[in-house]
Amino acid sequence: MANKKSYWLMKSEPHECSIDDALAASNATVPWTGVRNYQARNFMWRQMRVGDGVLFYHSSCPEPGVAGIAEVASTPYPDPTQFDRHSKYFDASARPEEPRWWMVDVKALAKTRLIGIGELRAAAALTDMTILRRGNRLSITPVTADQWRHITTRLARSG
DNA sequence: GCCAACGTTGGC
DNA sequence: GCCAACGTTGGC
């Protein structure tokens with residue numbers, strides 16, 4: 001039996017990479033570089049599979065919320081910026097023979113209407129979403145199949 | 001700009 | 001291994 005598809009929410013600051021930027025990229029695919037949190041890294045490194053569903057979330061902006069649909073588009077590979085002395089993501093203690101930070105590529109599939117964080121909080125079916133938990137700061141969080149279905153259905157209804 | 005929450009660091 | 005200090009995240 002094929003591996004079951006998983007779902008994720010991935011935060012991006014739109015002034016760095018918005019859903020429009022991702023859709024405009026070559027093959028609508030962007031490298032999810034710069035993650036420097038072990039929990040978020042582990043999701044990409046150990047759990048994501050090509051084809052997993054991704055909610056593309058805009059954060060640290062005037063209207064935070066789900067802004068598009070995407071999918072995992074590569075297997076994990078070492079984030080090259082950890083070895084780039086000129087990158088703000090440079091990690092002096094990362095060794096090429098044993099990379100510390102791993103990443104995937106993400107392919108944008110569609111821009112959607114914005115489902116703001118207020119609308120997410122107001123949906124009874126979504127109260128357990130990790131992103132809505134008090135004090136949550138993780139940039140990558142798992143989404144359950146039920147939560148995914150609720151959100152994509154909501155988007156389908158509203159165009 | 002505020003500040004709650006949380007991860008990381010480093011002295012002990 | 002404890003834990004206080006510090007830095008960062010991110011909604012408001």
# chains A, B, ... in the order shown; residues from 1 in each chain; ligands from 1
>>> interface_residues(of="chain A", to="chain C", cutoff="8 Å", atoms="only C-alpha atoms (C1' of nucleotides)", output="list of chain:residue names")
A:Ser59, A:Ser60, A:Arg137
>>> residues_around(residues="Trp45 in chain A", least_positions_apart="6", cutoff="8 Å", atoms="only C-alpha atoms (C1' of nucleotides)", output="list in words")
Pro76, Tyr77, Trp102, Met103 and Val104 of chain A
>>> write_last_selection(atoms="N, CA, C and O atoms", output="PDB file, in the first residue's frame")
ATOM      1  N   PRO A  76      13.932  15.350   1.015  1.00  0.00           N
ATOM      2  CA  PRO A  76      14.773  16.275   1.773  1.00  0.00           C
ATOM      3  C   PRO A  76      16.209  16.288   1.275  1.00  0.00           C
ATOM      4  O   PRO A  76      16.739  15.273   0.825  1.00  0.00           O
ATOM      5  N   TYR A  77      16.810  17.464   1.367  1.00  0.00           N
ATOM      6  CA  TYR A  77      18.227  17.605   1.024  1.00  0.00           C
ATOM      7  C   TYR A  77      18.848  18.684   1.917  1.00  0.00           C
ATOM      8  O   TYR A  77      18.122  19.522   2.464  1.00  0.00           O
ATOM      9  N   TRP A 102      18.115  20.460   7.071  1.00  0.00           N
ATOM     10  CA  TRP A 102      17.555  19.834   5.884  1.00  0.00           C
ATOM     11  C   TRP A 102      16.311  20.586   5.447  1.00  0.00           C
ATOM     12  O   TRP A 102      15.650  21.240   6.250  1.00  0.00           O
ATOM     13  N   MET A 103      15.996  20.473   4.181  1.00  0.00           N
ATOM     14  CA  MET A 103      14.889  21.247   3.609  1.00  0.00           C
ATOM     15  C   MET A 103      14.237  20.455   2.490  1.00  0.00           C
ATOM     16  O   MET A 103      14.756  19.424   2.055  1.00  0.00           O
ATOM     17  N   VAL A 104      13.109  20.956   2.016  1.00  0.00           N
ATOM     18  CA  VAL A 104      12.459  20.389   0.835  1.00  0.00           C
ATOM     19  C   VAL A 104      12.111  21.535  -0.111  1.00  0.00           C
ATOM     20  O   VAL A 104      12.174  22.706   0.264  1.00  0.00           O
TER      21      VAL A 104
END
>>> select_by_dssp(residues="range 24-86 of chain A", states="strand (DSSP E)", output="MDAnalysis selection string")
chainID A and resid 29:31 53:58 65:72 77:78
>>> residues_around(residues="range 30-36 of chain A", least_positions_apart="4", cutoff="10 Å", atoms="only C-alpha atoms (C1' of nucleotides)", output="PyMOL selection string")
chain A and resi 10+12+17+21-26+40-41+44+72-74+78-82+87-91+100-108+138-140
>>> select_by_dssp(residues="chain A", states="helix (DSSP H, G or I)", output="PyMOL selection string")
chain A and resi 14-17+19-24+26-28+38-47+80-83+117-122+124-126+130-132+145-158
>>> write_last_selection(atoms="C-alpha atoms", output="PDB file, in the first residue's frame")
ATOM      1  CA  PRO A  14       5.056  37.454   2.232  1.00  0.00           C
ATOM      2  CA  HIS A  15       7.643  40.194   1.962  1.00  0.00           C
ATOM      3  CA  GLU A  16      10.202  37.411   1.542  1.00  0.00           C
ATOM      4  CA  CYS A  17       8.177  34.857  -0.400  1.00  0.00           C
ATOM      5  CA  ILE A  19       2.145  32.853  -2.627  1.00  0.00           C
ATOM      6  CA  ASP A  20       2.386  35.132  -5.680  1.00  0.00           C
ATOM      7  CA  ASP A  21       6.181  34.932  -5.565  1.00  0.00           C
ATOM      8  CA  ALA A  22       6.020  31.156  -5.304  1.00  0.00           C
ATOM      9  CA  LEU A  23       3.600  30.878  -8.234  1.00  0.00           C
ATOM     10  CA  ALA A  24       5.868  33.115 -10.298  1.00  0.00           C
ATOM     11  CA  SER A  26      10.328  28.538 -12.059  1.00  0.00           C
ATOM     12  CA  ASN A  27       7.951  25.575 -12.089  1.00  0.00           C
ATOM     13  CA  ALA A  28       6.115  27.399  -9.261  1.00  0.00           C
ATOM     14  CA  TYR A  38      14.943  21.301  15.024  1.00  0.00           C
ATOM     15  CA  GLN A  39      11.289  20.372  15.261  1.00  0.00           C
ATOM     16  CA  ALA A  40      10.457  22.043  11.971  1.00  0.00           C
ATOM     17  CA  ARG A  41      13.559  20.544  10.389  1.00  0.00           C
ATOM     18  CA  ASN A  42      12.544  17.079  11.551  1.00  0.00           C
ATOM     19  CA  PHE A  43       9.178  17.400   9.844  1.00  0.00           C
ATOM     20  CA  MET A  44      10.916  18.108   6.541  1.00  0.00           C
ATOM     21  CA  TRP A  45      13.719  15.624   7.057  1.00  0.00           C
ATOM     22  CA  ARG A  46      11.857  12.675   8.486  1.00  0.00           C
ATOM     23  CA  GLN A  47       8.179  12.951   7.759  1.00  0.00           C
ATOM     24  CA  PRO A  80      23.006  24.882   1.270  1.00  0.00           C
ATOM     25  CA  THR A  81      22.750  28.177   3.156  1.00  0.00           C
ATOM     26  CA  GLN A  82      24.107  26.516   6.311  1.00  0.00           C
ATOM     27  CA  PHE A  83      27.498  26.309   4.562  1.00  0.00           C
ATOM     28  CA  ILE A 117      -6.268  33.765  11.414  1.00  0.00           C
ATOM     29  CA  GLY A 118      -9.499  35.186  12.839  1.00  0.00           C
ATOM     30  CA  GLU A 119     -11.561  33.031  10.507  1.00  0.00           C
ATOM     31  CA  LEU A 120      -9.458  30.011  11.427  1.00  0.00           C
ATOM     32  CA  ARG A 121     -10.014  30.657  15.113  1.00  0.00           C
ATOM     33  CA  ALA A 122     -13.733  31.047  14.569  1.00  0.00           C
ATOM     34  CA  ALA A 124     -15.090  25.033  15.519  1.00  0.00           C
ATOM     35  CA  ALA A 125     -13.601  22.273  13.377  1.00  0.00           C
ATOM     36  CA  LEU A 126     -10.192  23.913  13.541  1.00  0.00           C
ATOM     37  CA  THR A 130      -1.354  23.645  16.068  1.00  0.00           C
ATOM     38  CA  ILE A 131      -1.000  27.066  14.501  1.00  0.00           C
ATOM     39  CA  LEU A 132      -3.802  28.356  16.725  1.00  0.00           C
ATOM     40  CA  ALA A 145      -6.761  15.205   7.253  1.00  0.00           C
ATOM     41  CA  ASP A 146      -9.959  16.536   8.816  1.00  0.00           C
ATOM     42  CA  GLN A 147      -8.524  20.024   9.139  1.00  0.00           C
ATOM     43  CA  TRP A 148      -7.259  19.887   5.558  1.00  0.00           C
ATOM     44  CA  ARG A 149     -10.656  18.768   4.303  1.00  0.00           C
ATOM     45  CA  HIS A 150     -12.426  21.476   6.248  1.00  0.00           C
ATOM     46  CA  ILE A 151     -10.221  24.226   4.880  1.00  0.00           C
ATOM     47  CA  THR A 152     -10.192  23.065   1.276  1.00  0.00           C
ATOM     48  CA  THR A 153     -13.960  22.574   1.370  1.00  0.00           C
ATOM     49  CA  ARG A 154     -14.374  26.056   2.770  1.00  0.00           C
ATOM     50  CA  LEU A 155     -12.231  27.415  -0.064  1.00  0.00           C
ATOM     51  CA  ALA A 156     -14.179  25.480  -2.674  1.00  0.00           C
ATOM     52  CA  ARG A 157     -17.443  26.892  -1.389  1.00  0.00           C
ATOM     53  CA  SER A 158     -16.239  30.458  -1.503  1.00  0.00           C
TER      54      SER A 158
END
>>> atom_distance(atom1="CA of Glu71 in chain A", atom2="CA of Gly135 in chain A")
26.2 Å
>>> atom_distance(atom1="CA of Gly53 in chain A", atom2="CA of Ser18 in chain A")
17.4 Å
>>> atom_distance(atom1="CA of Val143 in chain A", atom2="CA of Ala67 in chain A")
15.3 Å
